[in-house]
Amino acid sequence: MLSVALAGKPNAGKSTFYTAATRADVDVGNYPFTTIDANRGVSYVRTECPCLERDERCGDDHCRDGKRYVPVELLDVAGLVPGAHEGRGLGNQFLDELSNADAILNVVDASGGTNEEGEPVEVGEHDPVEDVDFVEEEMDLWLASIVDRNWESVERQSRSPDFDIDEALAEMLTGVGATELDVARTLRELEYPEDPIQWTDEDREALAGEIRRRTKPIVVVANKADIAPEGNVERLREAAEYVVPATADGELALRNGADAGVVDYDPGDPDFEIAGDVSDQQAEGLERIRDVMGEWGGTGVQTALNTAVYDLLDHLTAYPVQNESKWTDGTGNVLPDAHLLPDGSTPVDLAYAVHSDIGDGYLHAVDAKDGRKIGDDHELEEGDVVKIVSSAK
């Protein structure tokens, strides 16, 4: 399962985002370090289900009238403060929690209502643009410290006649999610001495920064956009490549309302309907949420998750079935499973995603949409439905 982590300074709304996205009970408070131990839960990315191409919708629990929700792990890490890479505010512990994440959601208080330490101030008093680079810099310096601590080992290995710097760095950086391919691509982007003994601090920092960008890409979540002073969200959008305006409070209110049966809303919808009795105060609050959704196209929570998985990580959704004509598994369930795979994946990759034994016994695959056999090197596309034929049972 892909892992997406929430990071940022304290009191920016990470725990509210997490609660809304996972429906898990966590502490939410208006003070720094509400979260100490990382919270791990399951959230979902949303895509169009292939059942929309058929007369009947599938009966999967994760499909709501053609809105397909595919599970991902969501990690809520305690707030980071300046100097986190040096251990300030238990920063090393919190940064270590991010090591296995595939992508980062940097939750920024777009309202400017919390300072760099996460302490409440007047709305607009703090410039949220300062919080965009902060998380990247702390993560880069944290990773650079890991490289520094382990560089002596690389120097020792370099004395061997069969030394391979790609292998040595991949071994060192495996713990932060870097593969040998990541290292090879990173080294192609850098200029560095052939002899590791000649590397400088600047060389190692450049390596750490590029590895972080490849293995921990970041989406900026401009949270509290509903109370942000005019111009703040636009400036945040200019400060980073991927910025999603959001109101985690609004999303949480809608999900609570949907659970109570008073609101008709699916995560990621651009609007909602009031389906039950609400007080005048509740109705007024819901209309404020509706206004924000109209401005930004939704609450932003689902969009942020989708942006991380489908845009930054460049993944697609594929659906394995056993019966290619009915799109069912062995017990008649229609489109029971959905797998997130990197762009460029093949039917063989899908087979291994289903189960290692299925992959080991892979024989061939069939495109269930047209009933044609597809090649082992065929690149899958978003929404493909595939029958895997394997010798494994």
# chains A, B, ... in the order shown; residues from 1 in each chain; ligands from 1
call {"tool": "residues_around", "arguments": {"residues": "Val219 of chain A", "least_positions_apart": "6", "cutoff": "7 Å", "atoms": "only C-alpha atoms", "output": "PyMOL selection string"}}
result
chain A and resi 104-106+242-243+308
call {"tool": "write_last_selection", "arguments": {"atoms": "N, CA, C and O atoms", "output": "PDB file, in the first residue's frame"}}
result
ATOM      1  N   ILE A 104       4.721  13.393   0.527  1.00  0.00           N
ATOM      2  CA  ILE A 104       4.474  14.221   1.701  1.00  0.00           C
ATOM      3  C   ILE A 104       3.416  15.266   1.372  1.00  0.00           C
ATOM      4  O   ILE A 104       3.469  15.921   0.322  1.00  0.00           O
ATOM      5  N   LEU A 105       2.465  15.438   2.284  1.00  0.00           N
ATOM      6  CA  LEU A 105       1.535  16.556   2.218  1.00  0.00           C
ATOM      7  C   LEU A 105       1.983  17.562   3.272  1.00  0.00           C
ATOM      8  O   LEU A 105       1.872  17.306   4.475  1.00  0.00           O
ATOM      9  N   ASN A 106       2.527  18.685   2.823  1.00  0.00           N
ATOM     10  CA  ASN A 106       2.969  19.735   3.730  1.00  0.00           C
ATOM     11  C   ASN A 106       1.765  20.619   4.036  1.00  0.00           C
ATOM     12  O   ASN A 106       1.349  21.433   3.220  1.00  0.00           O
ATOM     13  N   TYR A 242       3.027  22.334  -6.639  1.00  0.00           N
ATOM     14  CA  TYR A 242       1.759  21.671  -6.337  1.00  0.00           C
ATOM     15  C   TYR A 242       1.189  22.254  -5.047  1.00  0.00           C
ATOM     16  O   TYR A 242       1.721  22.033  -3.955  1.00  0.00           O
ATOM     17  N   VAL A 243       0.109  23.012  -5.178  1.00  0.00           N
ATOM     18  CA  VAL A 243      -0.545  23.642  -4.034  1.00  0.00           C
ATOM     19  C   VAL A 243      -2.046  23.400  -4.134  1.00  0.00           C
ATOM     20  O   VAL A 243      -2.653  23.667  -5.180  1.00  0.00           O
ATOM     21  N   ALA A 308      -1.184  13.861  -4.776  1.00  0.00           N
ATOM     22  CA  ALA A 308       0.024  13.160  -4.334  1.00  0.00           C
ATOM     23  C   ALA A 308       0.209  11.850  -5.078  1.00  0.00           C
ATOM     24  O   ALA A 308       1.305  11.530  -5.550  1.00  0.00           O
TER      25      ALA A 308
END
call {"tool": "select_by_dssp", "arguments": {"residues": "segment 129-187 of chain A", "states": "helix (DSSP H, G or I)", "output": "number ranges by chain"}}
result
A: 130-157, 165-176, 180-187
call {"tool": "atom_distance", "arguments": {"atom1": "atom CA of Glu137 of chain A", "atom2": "atom CA of Asn39 of chain A"}}
result
23.2 Å
call {"tool": "residues_around", "arguments": {"residues": "segment 328-338 of chain A", "least_positions_apart": "5", "cutoff": "6 Å", "atoms": "only C-alpha atoms", "output": "ChimeraX atom specification"}}
result
/A:58,60,318-319,321-323
call {"tool": "write_last_selection", "arguments": {"atoms": "all heavy atoms", "output": "PDB file, in the first residue's frame"}}
result
ATOM      1  N   CYS A  58     -20.864  -1.594  -9.975  1.00  0.00           N
ATOM      2  CA  CYS A  58     -20.353  -2.733  -9.223  1.00  0.00           C
ATOM      3  C   CYS A  58     -20.792  -2.629  -7.770  1.00  0.00           C
ATOM      4  O   CYS A  58     -21.150  -1.559  -7.279  1.00  0.00           O
ATOM      5  CB  CYS A  58     -18.832  -2.812  -9.325  1.00  0.00           C
ATOM      6  SG  CYS A  58     -17.930  -1.465  -8.550  1.00  0.00           S
ATOM      7  N   ASP A  60     -18.973  -3.191  -5.103  1.00  0.00           N
ATOM      8  CA  ASP A  60     -17.859  -3.087  -4.170  1.00  0.00           C
ATOM      9  C   ASP A  60     -18.128  -2.007  -3.123  1.00  0.00           C
ATOM     10  O   ASP A  60     -18.695  -0.959  -3.414  1.00  0.00           O
ATOM     11  CB  ASP A  60     -16.574  -2.762  -4.931  1.00  0.00           C
ATOM     12  CG  ASP A  60     -15.340  -2.877  -4.066  1.00  0.00           C
ATOM     13  OD1 ASP A  60     -15.027  -1.903  -3.370  1.00  0.00           O
ATOM     14  OD2 ASP A  60     -14.699  -3.940  -4.082  1.00  0.00           O
ATOM     15  N   ALA A 318      -5.495  -0.142 -11.710  1.00  0.00           N
ATOM     16  CA  ALA A 318      -5.816  -1.295 -12.549  1.00  0.00           C
ATOM     17  C   ALA A 318      -6.621  -2.297 -11.736  1.00  0.00           C
ATOM     18  O   ALA A 318      -6.455  -2.412 -10.517  1.00  0.00           O
ATOM     19  CB  ALA A 318      -4.538  -1.951 -13.090  1.00  0.00           C
ATOM     20  N   TYR A 319      -7.496  -3.042 -12.428  1.00  0.00           N
ATOM     21  CA  TYR A 319      -8.470  -3.916 -11.770  1.00  0.00           C
ATOM     22  C   TYR A 319      -8.308  -5.352 -12.276  1.00  0.00           C
ATOM     23  O   TYR A 319      -8.667  -5.653 -13.411  1.00  0.00           O
ATOM     24  CB  TYR A 319      -9.892  -3.426 -12.060  1.00  0.00           C
ATOM     25  CG  TYR A 319     -10.146  -2.000 -11.637  1.00  0.00           C
ATOM     26  CD1 TYR A 319      -9.704  -0.931 -12.414  1.00  0.00           C
ATOM     27  CD2 TYR A 319     -10.818  -1.709 -10.454  1.00  0.00           C
ATOM     28  CE1 TYR A 319      -9.925   0.388 -12.026  1.00  0.00           C
ATOM     29  CE2 TYR A 319     -11.049  -0.396 -10.060  1.00  0.00           C
ATOM     30  CZ  TYR A 319     -10.590   0.643 -10.854  1.00  0.00           C
ATOM     31  OH  TYR A 319     -10.809   1.949 -10.473  1.00  0.00           O
ATOM     32  N   VAL A 321      -9.321  -9.240 -12.627  1.00  0.00           N
ATOM     33  CA  VAL A 321     -10.542 -10.057 -12.539  1.00  0.00           C
ATOM     34  C   VAL A 321     -10.223 -11.475 -12.986  1.00  0.00           C
ATOM     35  O   VAL A 321      -9.228 -11.718 -13.660  1.00  0.00           O
ATOM     36  CB  VAL A 321     -11.684  -9.474 -13.405  1.00  0.00           C
ATOM     37  CG1 VAL A 321     -12.108  -8.105 -12.884  1.00  0.00           C
ATOM     38  CG2 VAL A 321     -11.269  -9.392 -14.868  1.00  0.00           C
ATOM     39  N   GLN A 322     -11.101 -12.404 -12.620  1.00  0.00           N
ATOM     40  CA  GLN A 322     -10.944 -13.788 -13.082  1.00  0.00           C
ATOM     41  C   GLN A 322     -11.824 -14.085 -14.282  1.00  0.00           C
ATOM     42  O   GLN A 322     -11.465 -14.880 -15.135  1.00  0.00           O
ATOM     43  CB  GLN A 322     -11.254 -14.754 -11.931  1.00  0.00           C
ATOM     44  CG  GLN A 322     -10.231 -14.713 -10.798  1.00  0.00           C
ATOM     45  CD  GLN A 322     -10.474 -15.802  -9.764  1.00  0.00           C
ATOM     46  OE1 GLN A 322     -10.861 -16.925 -10.098  1.00  0.00           O
ATOM     47  NE2 GLN A 322     -10.252 -15.480  -8.491  1.00  0.00           N
ATOM     48  N   ASN A 323     -12.986 -13.466 -14.337  1.00  0.00           N
ATOM     49  CA  ASN A 323     -13.895 -13.652 -15.472  1.00  0.00           C
ATOM     50  C   ASN A 323     -13.871 -12.384 -16.311  1.00  0.00           C
ATOM     51  O   ASN A 323     -14.371 -11.343 -15.899  1.00  0.00           O
ATOM     52  CB  ASN A 323     -15.311 -13.934 -14.962  1.00  0.00           C
ATOM     53  CG  ASN A 323     -16.266 -14.302 -16.091  1.00  0.00           C
ATOM     54  OD1 ASN A 323     -16.325 -13.619 -17.117  1.00  0.00           O
ATOM     55  ND2 ASN A 323     -17.028 -15.371 -15.900  1.00  0.00           N
TER      56      ASN A 323
END
call {"tool": "residues_around", "arguments": {"residues": "Tyr310 of chain A", "least_positions_apart": "6", "cutoff": "10 Å", "atoms": "only C-alpha atoms", "output": "list in words"}}
result
Val45, Arg46, Thr47, Leu316, Thr317, Leu340, Leu341, Pro342, Asp343 and Glu382 of chain A
